[in-house]
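Enquirer: The structure file coords_25.tsv (TSV, C-alpha atoms) is provided below.
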```
chain	number	residue	atom	x	y	z
A	1	MET	CA	46.71	216.20	109.65
A	2	HIS	CA	44.30	218.86	108.48
A	3	PRO	CA	40.93	218.17	110.08
A	4	VAL	CA	38.98	218.80	106.88
A	5	LEU	CA	41.17	216.45	104.92
A	6	ASN	CA	40.78	213.93	107.65
A	7	ASN	CA	37.01	214.20	107.44
A	8	ILE	CA	37.13	213.79	103.68
A	9	LYS	CA	39.28	210.74	104.15
A	10	ARG	CA	36.78	209.35	106.59
A	11	ALA	CA	33.94	210.11	104.24
A	12	VAL	CA	35.71	208.38	101.38
A	13	PHE	CA	36.45	205.41	103.56
A	14	GLY	CA	32.84	205.35	104.69
A	15	LEU	CA	31.63	205.55	101.13
A	16	SER	CA	33.90	202.76	100.06
A	17	LEU	CA	32.55	200.63	102.89
A	18	LEU	CA	29.06	201.46	101.75
A	19	GLY	CA	30.07	200.50	98.24
A	20	LEU	CA	31.25	197.13	99.45
A	21	ALA	CA	28.06	196.66	101.36
A	22	LEU	CA	26.01	197.48	98.29
A	23	ASN	CA	28.08	195.15	96.24
A	24	ALA	CA	27.64	192.37	98.76
A	25	SER	CA	23.90	192.86	98.89
A	26	ALA	CA	23.51	192.86	95.10
A	27	GLN	CA	23.26	189.12	95.16
A	28	THR	CA	21.32	186.16	94.03
A	29	SER	CA	20.11	183.71	96.59
A	30	VAL	CA	19.70	180.01	95.95
A	31	SER	CA	17.21	177.84	97.78
A	32	ASP	CA	15.83	174.29	97.60
A	33	ALA	CA	18.68	173.04	95.43
A	34	TRP	CA	18.75	169.30	94.73
A	35	VAL	CA	20.05	166.84	92.17
A	36	ARG	CA	18.27	163.72	90.97
A	37	ALA	CA	20.01	160.44	91.77
A	38	THR	CA	21.11	158.17	88.92
A	39	VAL	CA	21.50	154.45	88.35
A	40	PRO	CA	25.02	153.06	87.70
A	41	THR	CA	26.55	154.17	84.36
A	42	GLN	CA	23.71	156.61	83.67
A	43	SER	CA	25.59	159.57	82.20
A	44	ALA	CA	23.27	162.52	82.83
A	45	SER	CA	20.98	163.94	85.47
A	46	GLY	CA	19.21	167.16	86.40
A	47	ALA	CA	19.75	169.78	89.09
A	48	PHE	CA	16.89	171.86	90.41
A	49	MET	CA	16.67	174.98	92.59
A	50	THR	CA	15.03	178.34	93.10
A	51	LEU	CA	17.01	181.51	92.31
A	52	THR	CA	16.08	184.98	93.51
A	53	ALA	CA	18.16	187.96	92.38
A	54	ASP	CA	18.14	191.31	94.21
A	55	SER	CA	18.53	193.23	90.98
A	56	ASP	CA	17.73	192.31	87.40
A	57	SER	CA	20.24	189.63	86.53
A	58	LYS	CA	20.67	186.51	84.50
A	59	LEU	CA	22.07	183.08	85.08
A	60	LEU	CA	24.83	182.61	82.54
A	61	SER	CA	26.22	179.20	83.32
A	62	VAL	CA	26.65	176.46	85.86
A	63	ALA	CA	29.69	174.27	86.45
A	64	SER	CA	30.20	171.16	88.56
A	65	PRO	CA	33.13	168.86	89.27
A	66	VAL	CA	30.85	165.81	88.83
A	67	ALA	CA	29.99	166.53	85.19
A	68	LYS	CA	32.04	167.18	82.07
A	69	ASP	CA	29.40	169.43	80.61
A	70	VAL	CA	26.75	171.42	82.46
A	71	GLN	CA	24.00	173.08	80.48
A	72	ILE	CA	20.86	175.02	81.24
A	73	HIS	CA	17.82	173.48	79.56
A	74	GLU	CA	14.23	174.51	79.23
A	75	MET	CA	11.39	172.03	79.15
A	76	SER	CA	7.90	172.81	77.93
A	77	MET	CA	4.76	170.75	77.41
A	78	LYS	CA	2.38	171.23	74.53
A	79	ASN	CA	-0.32	168.70	73.61
A	80	ASP	CA	1.42	166.24	75.94
A	81	VAL	CA	4.62	166.54	73.91
A	82	MET	CA	7.60	167.38	76.08
A	83	SER	CA	10.05	169.66	74.29
A	84	MET	CA	13.49	170.21	75.62
A	85	GLY	CA	16.62	172.05	74.65
A	86	PRO	CA	19.50	174.22	75.83
A	87	VAL	CA	19.15	177.95	76.47
A	88	ASP	CA	21.96	180.54	76.55
A	89	SER	CA	20.89	182.18	79.80
A	90	VAL	CA	17.92	182.59	82.10
A	91	ASP	CA	16.58	185.99	83.14
A	92	LEU	CA	16.33	186.55	86.88
A	93	PRO	CA	14.10	189.62	87.33
A	94	ALA	CA	14.72	191.58	90.54
A	95	GLY	CA	12.99	190.03	93.54
A	96	LYS	CA	11.28	187.31	91.55
A	97	ALA	CA	11.83	183.69	92.56
A	98	VAL	CA	12.74	181.80	89.39
A	99	LYS	CA	12.16	178.10	89.72
A	100	PHE	CA	14.38	175.50	88.13
A	101	ASP	CA	12.14	172.49	88.53
A	102	PRO	CA	11.08	169.49	86.48
A	103	ASN	CA	8.36	171.62	84.84
A	104	GLY	CA	10.57	174.26	83.27
A	105	TYR	CA	14.18	175.31	83.42
A	106	HIS	CA	16.64	172.85	84.84
A	107	VAL	CA	20.37	172.38	84.99
A	108	MET	CA	21.60	169.36	83.04
A	109	LEU	CA	24.64	167.58	84.37
A	110	MET	CA	26.05	165.69	81.38
A	111	GLY	CA	28.97	163.33	81.21
A	112	LEU	CA	28.76	162.36	84.88
A	113	SER	CA	31.99	161.06	86.42
A	114	GLY	CA	30.12	158.52	88.53
A	115	GLN	CA	26.80	157.45	89.97
A	116	LEU	CA	24.93	160.07	92.01
A	117	LYS	CA	23.55	158.37	95.08
A	118	GLU	CA	20.79	159.58	97.34
A	119	GLY	CA	22.35	161.37	100.31
A	120	ASP	CA	25.47	162.53	98.39
A	121	SER	CA	25.94	166.19	97.72
A	122	VAL	CA	26.99	167.85	94.49
A	123	ALA	CA	29.00	171.08	94.27
A	124	LEU	CA	27.64	173.57	91.77
A	125	THR	CA	29.06	176.93	90.76
A	126	LEU	CA	26.52	179.32	89.31
A	127	THR	CA	27.63	182.36	87.35
A	128	VAL	CA	25.13	185.21	87.55
A	129	GLU	CA	25.49	188.54	85.78
A	130	ASN	CA	23.68	191.71	86.83
A	131	ALA	CA	22.46	194.50	84.57
A	132	LYS	CA	25.80	196.34	84.96
A	133	GLY	CA	27.62	193.36	83.57
A	134	GLU	CA	29.10	192.41	86.95
A	135	LYS	CA	29.52	188.70	87.37
A	136	GLN	CA	29.05	186.83	90.60
A	137	ALA	CA	30.03	183.24	91.23
A	138	ILE	CA	27.78	181.39	93.66
A	139	GLU	CA	29.02	178.16	95.16
A	140	ILE	CA	26.41	175.77	96.46
A	141	LYS	CA	26.17	172.17	97.60
A	142	ALA	CA	23.05	170.44	96.36
A	143	PRO	CA	21.87	167.25	98.07
A	144	VAL	CA	21.12	164.24	95.88
A	145	ARG	CA	17.51	163.11	96.21
A	146	SER	CA	16.05	159.81	95.09
A	147	LEU	CA	15.58	159.11	91.40
A	148	THR	CA	11.97	158.29	92.09
A	149	ASN	CA	10.90	161.41	93.95
A	150	MET	CA	7.97	163.25	92.41
A	151	GLU	CA	9.10	166.73	93.29
A	152	GLY	CA	7.96	169.21	90.70
A	153	HIS	CA	5.13	167.11	89.40
A	154	ASP	CA	2.10	169.32	89.00
A	155	HIS	CA	0.35	167.35	91.67
A	156	SER	CA	3.23	166.94	94.06
A	157	LYS	CA	1.07	168.53	96.73
A	158	MET	CA	-0.75	165.24	96.87
A	159	HIS	CA	0.62	162.85	99.45
B	1	MET	CA	8.64	133.29	78.46
B	2	THR	CA	10.58	131.82	75.55
B	3	ALA	CA	13.62	133.72	74.49
B	4	LEU	CA	12.55	134.09	70.92
B	5	LEU	CA	9.02	134.10	69.71
B	6	THR	CA	8.73	132.85	66.18
B	7	ARG	CA	6.59	134.71	63.73
B	8	ARG	CA	4.11	131.87	63.90
B	9	LYS	CA	3.88	132.11	67.66
B	10	VAL	CA	3.33	135.84	67.43
B	11	LEU	CA	0.57	135.31	64.91
B	12	ALA	CA	-0.94	132.58	67.09
B	13	GLY	CA	-0.76	134.95	70.03
B	14	MET	CA	-2.56	137.59	68.06
B	15	GLY	CA	-5.18	135.03	67.11
B	16	VAL	CA	-5.76	134.17	70.75
B	17	LEU	CA	-5.99	137.85	71.44
B	18	GLY	CA	-8.66	138.14	68.76
B	19	LEU	CA	-10.61	135.22	70.20
B	20	GLY	CA	-10.41	136.87	73.58
B	21	LEU	CA	-12.06	139.92	72.16
B	22	LEU	CA	-14.83	137.82	70.64
B	23	ALA	CA	-15.21	135.88	73.87
B	24	GLY	CA	-17.02	138.68	75.53
B	25	CYS	CA	-14.84	141.57	76.47
B	26	ASP	CA	-16.89	144.66	75.99
B	27	THR	CA	-14.80	146.43	73.39
B	28	ARG	CA	-17.46	148.46	71.67
B	29	GLY	CA	-18.95	150.13	74.67
B	30	GLN	CA	-17.66	153.62	75.20
B	31	LEU	CA	-16.28	153.95	78.66
B	32	SER	CA	-16.46	157.31	80.19
B	33	TYR	CA	-13.22	158.44	81.68
B	34	LYS	CA	-13.09	161.31	84.06
B	35	TYR	CA	-9.57	162.47	83.22
B	36	GLY	CA	-7.89	160.47	80.48
B	37	LYS	CA	-8.47	160.44	76.76
B	38	ASP	CA	-10.55	157.63	75.28
B	39	LEU	CA	-8.37	155.95	72.64
B	40	SER	CA	-10.57	152.90	72.05
B	41	ASN	CA	-11.21	153.97	68.46
B	42	LYS	CA	-7.47	154.10	67.71
B	43	ILE	CA	-5.32	151.23	66.54
B	44	MET	CA	-1.91	151.54	68.11
B	45	GLY	CA	0.83	149.29	69.33
B	46	ARG	CA	-0.59	146.09	67.84
B	47	THR	CA	2.56	144.93	66.10
B	48	PHE	CA	5.53	146.30	67.99
B	49	LYS	CA	8.28	143.80	68.64
B	50	LEU	CA	11.05	144.85	71.01
B	51	LYS	CA	13.43	143.27	73.48
B	52	ASN	CA	13.43	143.29	77.25
B	53	PRO	CA	16.77	143.70	79.08
B	54	GLU	CA	17.18	139.91	79.17
B	55	GLY	CA	17.14	139.95	75.38
B	56	GLU	CA	13.73	138.29	75.05
B	57	THR	CA	11.49	139.47	72.25
B	58	MET	CA	8.33	141.05	73.60
B	59	THR	CA	5.11	142.01	71.89
B	60	LEU	CA	1.83	143.34	73.22
B	61	SER	CA	0.53	139.77	73.54
B	62	SER	CA	3.44	138.94	75.86
B	63	PHE	CA	1.47	140.88	78.47
B	64	ARG	CA	-1.90	139.21	77.92
B	65	GLY	CA	-3.96	139.06	81.08
B	66	LEU	CA	-2.27	142.14	82.44
B	67	MET	CA	-3.21	145.76	81.90
B	68	PRO	CA	-0.22	147.27	80.06
B	69	MET	CA	0.54	150.95	80.52
B	70	VAL	CA	3.11	152.02	77.94
B	71	PHE	CA	5.28	155.10	78.28
B	72	PHE	CA	8.06	156.30	75.98
B	73	GLY	CA	11.15	158.10	77.24
B	74	PHE	CA	14.88	157.94	77.86
B	75	THR	CA	16.86	157.56	81.04
B	76	GLN	CA	18.81	160.81	80.64
B	77	CYS	CA	15.51	162.67	80.69
B	78	PRO	CA	15.69	164.79	83.84
B	79	ALA	CA	12.07	165.66	84.39
B	80	VAL	CA	9.03	164.17	82.74
B	81	CYS	CA	10.31	160.57	82.52
B	82	PRO	CA	11.18	160.06	86.19
B	83	THR	CA	8.09	161.92	87.38
B	84	THR	CA	5.83	159.85	85.11
B	85	LEU	CA	7.43	156.58	86.24
B	86	ALA	CA	7.22	157.69	89.87
B	87	ARG	CA	3.54	158.48	89.26
B	88	ALA	CA	3.09	155.00	87.75
B	89	ALA	CA	4.60	153.43	90.87
B	90	GLN	CA	2.25	155.49	93.00
B	91	ILE	CA	-0.74	154.48	90.84
B	92	LYS	CA	0.14	150.81	91.29
B	93	LYS	CA	0.07	151.29	95.05
B	94	LEU	CA	-3.18	153.27	94.97
B	95	MET	CA	-4.84	150.48	92.96
B	96	GLY	CA	-4.20	148.08	95.79
B	97	LYS	CA	-4.69	144.43	94.84
B	98	ASP	CA	-5.76	145.44	91.31
B	99	GLY	CA	-2.35	147.03	90.91
B	100	ASP	CA	-0.89	143.55	90.52
B	101	ARG	CA	-2.44	143.50	87.06
B	102	LEU	CA	-1.00	146.84	85.98
B	103	GLN	CA	2.09	146.24	83.85
B	104	VAL	CA	4.14	149.38	83.36
B	105	ILE	CA	6.21	149.24	80.17
B	106	PHE	CA	8.91	151.84	79.51
B	107	ILE	CA	10.05	151.98	75.88
B	108	THR	CA	13.32	153.82	75.34
B	109	LEU	CA	13.54	156.39	72.57
B	110	ASP	CA	17.30	156.47	73.06
B	111	PRO	CA	18.53	152.93	72.31
B	112	GLU	CA	21.96	154.32	71.41
B	113	ARG	CA	22.67	155.39	75.00
B	114	ASP	CA	20.19	153.36	77.05
B	115	THR	CA	21.88	150.00	77.37
B	116	PRO	CA	19.79	147.05	78.63
B	117	GLN	CA	21.65	147.26	81.97
B	118	ILE	CA	20.89	150.97	82.48
B	119	LEU	CA	17.28	150.47	81.40
B	120	ASP	CA	16.70	147.59	83.76
B	121	ALA	CA	18.25	149.35	86.77
B	122	TYR	CA	16.38	152.53	85.91
B	123	VAL	CA	12.83	151.15	85.69
B	124	LYS	CA	13.33	148.80	88.62
B	125	ALA	CA	14.37	151.72	90.79
B	126	PHE	CA	10.75	152.85	90.51
B	127	ASP	CA	9.12	149.45	90.91
B	128	PRO	CA	10.63	145.98	90.57
B	129	THR	CA	7.75	144.87	88.34
B	130	PHE	CA	8.28	147.59	85.73
B	131	VAL	CA	9.58	146.41	82.37
B	132	ALA	CA	11.85	148.30	79.97
B	133	LEU	CA	11.86	147.54	76.26
B	134	TYR	CA	14.31	148.56	73.58
B	135	GLY	CA	14.94	147.97	69.91
B	136	THR	CA	17.30	149.07	67.20
B	137	LEU	CA	16.97	152.65	66.05
B	138	GLU	CA	14.79	151.45	63.16
B	139	GLU	CA	12.58	149.33	65.44
B	140	THR	CA	12.30	152.26	67.84
B	141	GLN	CA	11.22	154.55	65.03
B	142	ALA	CA	8.69	152.01	63.76
B	143	THR	CA	7.26	151.52	67.26
B	144	ALA	CA	6.99	155.25	67.89
B	145	LYS	CA	5.25	155.64	64.55
B	146	GLU	CA	2.83	152.88	65.42
B	147	PHE	CA	1.92	154.70	68.64
B	148	ASP	CA	1.86	158.08	66.91
B	149	VAL	CA	4.57	159.11	69.35
B	150	PHE	CA	6.60	162.13	68.31
B	151	PHE	CA	10.28	162.20	69.19
B	152	GLU	CA	13.28	164.10	67.99
B	153	LYS	CA	16.87	164.56	69.01
B	154	VAL	CA	17.72	168.08	70.08
B	155	PRO	CA	21.42	169.04	69.88
B	156	ALA	CA	22.87	170.03	73.26
B	157	GLY	CA	26.55	170.91	73.15
B	158	ASP	CA	28.53	167.84	72.13
B	159	THR	CA	25.58	165.61	72.83
B	160	TYR	CA	21.80	165.62	72.53
B	161	THR	CA	18.59	165.50	74.47
B	162	ILE	CA	15.22	164.26	73.21
B	163	SER	CA	11.84	165.92	72.90
B	164	HIS	CA	9.01	163.41	72.92
B	165	THR	CA	5.35	162.62	73.45
B	166	ALA	CA	4.78	162.01	77.16
B	167	THR	CA	1.40	160.25	77.10
B	168	SER	CA	0.95	156.92	78.89
B	169	TYR	CA	-1.02	154.43	76.75
B	170	VAL	CA	-3.24	151.97	78.57
B	171	TYR	CA	-4.48	148.63	77.21
B	172	ASP	CA	-7.05	146.39	78.78
B	173	SER	CA	-6.21	142.81	79.73
B	174	ARG	CA	-7.17	141.58	76.24
B	175	GLY	CA	-4.73	143.93	74.56
B	176	GLU	CA	-7.30	146.47	73.42
B	177	LEU	CA	-6.11	150.07	73.53
B	178	ARG	CA	-8.28	152.04	75.91
B	179	LEU	CA	-6.88	155.16	77.39
B	180	GLY	CA	-4.29	157.91	77.05
B	181	LEU	CA	-3.10	159.51	80.26
B	182	SER	CA	-1.48	162.94	80.10
B	183	THR	CA	1.45	163.86	82.32
B	184	SER	CA	-0.62	166.63	83.87
B	185	LEU	CA	-2.86	164.13	85.67
B	186	SER	CA	-2.24	163.11	89.25
B	187	ALA	CA	-1.73	159.52	90.37
B	188	GLN	CA	-5.17	159.62	91.97
B	189	GLU	CA	-6.85	160.79	88.76
B	190	CYS	CA	-5.07	158.13	86.68
B	191	THR	CA	-6.03	155.45	89.19
B	192	GLU	CA	-9.73	156.31	88.93
B	193	ASP	CA	-9.67	155.93	85.14
B	194	LEU	CA	-7.58	152.75	85.26
B	195	LEU	CA	-10.11	151.16	87.61
B	196	THR	CA	-12.82	152.10	85.10
B	197	VAL	CA	-10.93	150.16	82.40
B	198	MET	CA	-10.57	147.22	84.76
B	199	GLU	CA	-14.31	147.07	85.34
B	200	VAL	CA	-14.84	145.91	81.74
B	201	CYS	CA	-11.71	143.92	81.07
```
What do you get writing this file as structure tokens?

Expert:
Amino acid sequence: MHPVLNNIKRAVFGLSLLGLALNASAQTSVSDAWVRATVPTQSASGAFMTLTADSDSKLLSVASPVAKDVQIHEMSMKNDVMSMGPVDSVDLPAGKAVKFDPNGYHVMLMGLSGQLKEGDSVALTLTVENAKGEKQAIEIKAPVRSLTNMEGHDHSKMH
Amino acid sequence: MTALLTRRKVLAGMGVLGLGLLAGCDTRGQLSYKYGKDLSNKIMGRTFKLKNPEGETMTLSSFRGLMPMVFFGFTQCPAVCPTTLARAAQIKKLMGKDGDRLQVIFITLDPERDTPQILDAYVKAFDPTFVALYGTLEETQATAKEFDVFFEKVPAGDTYTISHTATSYVYDSRGELRLGLSTSLSAQECTEDLLTVMEVC
């Protein structure tokens, strides 16, 4: 084989590897995911987590085998009135940790197939889209924490 | 507690409540709360009539002698309801022996989905002494109105969620409204104000 051609081939191969690497690094990381436990026959619960995207992205949707319908909701407080409702997507600015906690965005698991007990874990599939329109599916397992935990309360620092 | 309170009994109860007030509870004196909102000049929750999960009719006077803390919500609420009830359980512990007199009452704003069974299991998961109350949709609306509690269904896909006032309303042991506690307060802050209420009644 012609040496120059060979080098080009190598370079192309190298570049494609680099491309893969870049693609793999353009990711969103998920930390501190958890789901609130339910009592028997309760049909909905919330999932919470922190998402950090490497590049400007947005969370488009979440799916889970334990719930018929999974939605992203936003909660806000004004004059001690709690307002809640679904949102289409959540912006994940590059490098910024976006919290899904009981004080803001959260993932609603609706139409639960059964009781979520403390100690169980729930599979969640998050679909994140970057600025180029590339979609990434992130599979996580979120532990179920007690219904009564105060995580996310403004004063949860207090013990 | 009798299963059904007659109108007469309710009226009699209210009369006893009134006598209690005359009998020397300091209702006029302005208490100074460090964190909560003084609601002693408001008239709220005097006439609500709802059911507990056993089907017994409950009114404010059903809790005479206790310090009722009333909170409105729904069990499918993922955030503010469980954290407020968990805070209430923590408050009860922080109050120590006085906590025995704190009666947490959770009134559902979602009687269509919150069955008595779900309600009972839900509140008791936080503390076995907590009581859940429910009514028909009309009774729920009337009760919310009486407390000046805002609530509205928000469509969410095929179903709905509920936006609502998240204040906890505190009565003294004679059934006099005293205090409104915001969700932003810590268990410790709420406890301090609740002990202030207890000092007078």

Enquirer: Determine, counting all atoms listed in the file, which protein, DNA and RNA residues have an atom within 10 Å of an atom of Asp120 (chain B); residues of the same chain fewer than 4 positions away are not included. Present the result as an mmCIF file with C-alpha atoms, in the frame of the given file.

Expert:
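Written output follows (around-v6.cif):
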```
data_model
loop_
_atom_site.group_PDB
_atom_site.id
_atom_site.type_symbol
_atom_site.label_atom_id
_atom_site.label_comp_id
_atom_site.auth_asym_id
_atom_site.auth_seq_id
_atom_site.Cartn_x
_atom_site.Cartn_y
_atom_site.Cartn_z
ATOM 1 C CA VAL A 39 21.500 154.450 88.350
ATOM 2 C CA ASN B 52 13.430 143.290 77.250
ATOM 3 C CA PRO B 53 16.770 143.700 79.080
ATOM 4 C CA GLU B 54 17.180 139.910 79.170
ATOM 5 C CA PHE B 106 8.910 151.840 79.510
ATOM 6 C CA ASP B 114 20.190 153.360 77.050
ATOM 7 C CA THR B 115 21.880 150.000 77.370
ATOM 8 C CA PRO B 116 19.790 147.050 78.630
ATOM 9 C CA LYS B 124 13.330 148.800 88.620
ATOM 10 C CA ALA B 125 14.370 151.720 90.790
ATOM 11 C CA PRO B 128 10.630 145.980 90.570
ATOM 12 C CA PHE B 130 8.280 147.590 85.730
ATOM 13 C CA VAL B 131 9.580 146.410 82.370
ATOM 14 C CA ALA B 132 11.850 148.300 79.970
ATOM 15 C CA LEU B 133 11.860 147.540 76.260
#
```

Enquirer: Select from chain A every residue with an atom at most 10 Å from any atom of chain B, then for each give the shortest pair of atoms and their distance in Å to one decimal, using only C-alpha atoms, rows by chain and rising number, as a tab-separated table.

Expert:
```
residue	atom	partner	partner_atom	distance
A:Val35	CA	B:Pro78	CA	9.6
A:Arg36	CA	B:Pro78	CA	7.7
A:Thr38	CA	B:Tyr122	CA	8.0
A:Val39	CA	B:Tyr122	CA	6.0
A:Pro40	CA	B:Ile118	CA	7.0
A:Thr41	CA	B:Ile118	CA	6.8
A:Gln42	CA	B:Ile118	CA	6.4
A:Ser43	CA	B:Gln76	CA	7.1
A:Ala44	CA	B:Gln76	CA	5.3
A:Ser45	CA	B:Pro78	CA	5.6
A:Gly46	CA	B:Pro78	CA	5.0
A:Ala47	CA	B:Pro78	CA	8.3
A:Phe48	CA	B:Pro78	CA	9.7
A:Asp69	CA	B:Gly157	CA	8.1
A:Val70	CA	B:Gly157	CA	9.3
A:Gln71	CA	B:Ala156	CA	7.9
A:Ile72	CA	B:Ala156	CA	9.6
A:His73	CA	B:Ala156	CA	8.8
A:Met75	CA	B:Ala79	CA	8.3
A:Ser76	CA	B:Ser163	CA	9.4
A:Met77	CA	B:Ala166	CA	8.7
A:Lys78	CA	B:Thr165	CA	9.2
A:Asn79	CA	B:Thr165	CA	8.3
A:Asp80	CA	B:Ala166	CA	5.5
A:Val81	CA	B:Thr165	CA	4.0
A:Met82	CA	B:His164	CA	5.3
A:Ser83	CA	B:Ser163	CA	4.4
A:Met84	CA	B:Ser163	CA	5.3
A:Gly85	CA	B:Val154	CA	6.2
A:Pro86	CA	B:Ala156	CA	6.0
A:Val87	CA	B:Ala156	CA	9.3
A:Asp101	CA	B:Ala79	CA	8.0
A:Pro102	CA	B:Ala79	CA	4.5
A:Asn103	CA	B:Ala79	CA	7.0
A:Gly104	CA	B:Ala79	CA	8.8
A:Tyr105	CA	B:Ala79	CA	9.9
A:His106	CA	B:Pro78	CA	8.2
A:Val107	CA	B:Pro78	CA	9.0
A:Met108	CA	B:Pro78	CA	7.5
A:Leu109	CA	B:Pro78	CA	9.4
A:Met110	CA	B:Thr159	CA	8.6
A:Gly111	CA	B:Thr159	CA	9.3
A:Ser146	CA	B:Ala125	CA	9.3
A:Leu147	CA	B:Pro82	CA	6.9
A:Thr148	CA	B:Ala86	CA	5.3
A:Asn149	CA	B:Ala86	CA	6.6
A:Met150	CA	B:Thr83	CA	5.2
A:Glu151	CA	B:Thr83	CA	7.7
A:Gly152	CA	B:Thr83	CA	8.0
A:His153	CA	B:Thr83	CA	6.3
A:Asp154	CA	B:Ser184	CA	6.4
A:His155	CA	B:Ser186	CA	5.5
A:Ser156	CA	B:Ser186	CA	8.2
A:Lys157	CA	B:Ser186	CA	9.8
A:Met158	CA	B:Ser186	CA	8.1
A:His159	CA	B:Gln90	CA	9.9
```

Enquirer: Residues within 12 Å of Ala33 (chain A), please, as number ranges by chain. Count all atoms listed in the file; anything in the same chain fewer than 5 positions from it doesn't count.

Expert: A: 46-51, 99-101, 106-107, 121-124, 126, 139-145, 151

Enquirer: To one decimal in Å, tell me the separation between CA of Ala88 (chain B) and CA of Lys34 (chain B).

Expert: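 CA of Ala88 (chain B) sits 17.8 Å away from CA of Lys34 (chain B).
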
Enquirer: Excluding region 58-74 of chain B and its own-chain neighbours fewer than 5 positions away, which residues fall within 7 Å of it when counting only C-alpha atoms? Please give them as a ChimeraX atom specification.

Expert: /B:13-14,46-52,81,101-110,166-175

Enquirer: Any idea what the distance is between CA of Lys92 (chain B) and CA of Gln115 (chain A)?

Expert: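 Here the two named atoms are 27.5 Å from each other.
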
Enquirer: May I have the residues within 7 Å of region 191-201 of chain B as number ranges by chain, using only C-alpha atoms and disregarding those fewer than 6 positions away in the same chain?

Expert: B: 25-26, 33-36, 91, 94-95, 172-173

Enquirer: Atoms to include: C-alpha atoms. Write the selected residues as a PDB file, in the frame of the given file.

Expert:
```pdb
ATOM      1  CA  CYS B  25     -14.840 141.570  76.470  1.00  0.00           C
ATOM      2  CA  ASP B  26     -16.890 144.660  75.990  1.00  0.00           C
ATOM      3  CA  TYR B  33     -13.220 158.440  81.680  1.00  0.00           C
ATOM      4  CA  LYS B  34     -13.090 161.310  84.060  1.00  0.00           C
ATOM      5  CA  TYR B  35      -9.570 162.470  83.220  1.00  0.00           C
ATOM      6  CA  GLY B  36      -7.890 160.470  80.480  1.00  0.00           C
ATOM      7  CA  ILE B  91      -0.740 154.480  90.840  1.00  0.00           C
ATOM      8  CA  LEU B  94      -3.180 153.270  94.970  1.00  0.00           C
ATOM      9  CA  MET B  95      -4.840 150.480  92.960  1.00  0.00           C
ATOM     10  CA  ASP B 172      -7.050 146.390  78.780  1.00  0.00           C
ATOM     11  CA  SER B 173      -6.210 142.810  79.730  1.00  0.00           C
TER      12      SER B 173
END
```
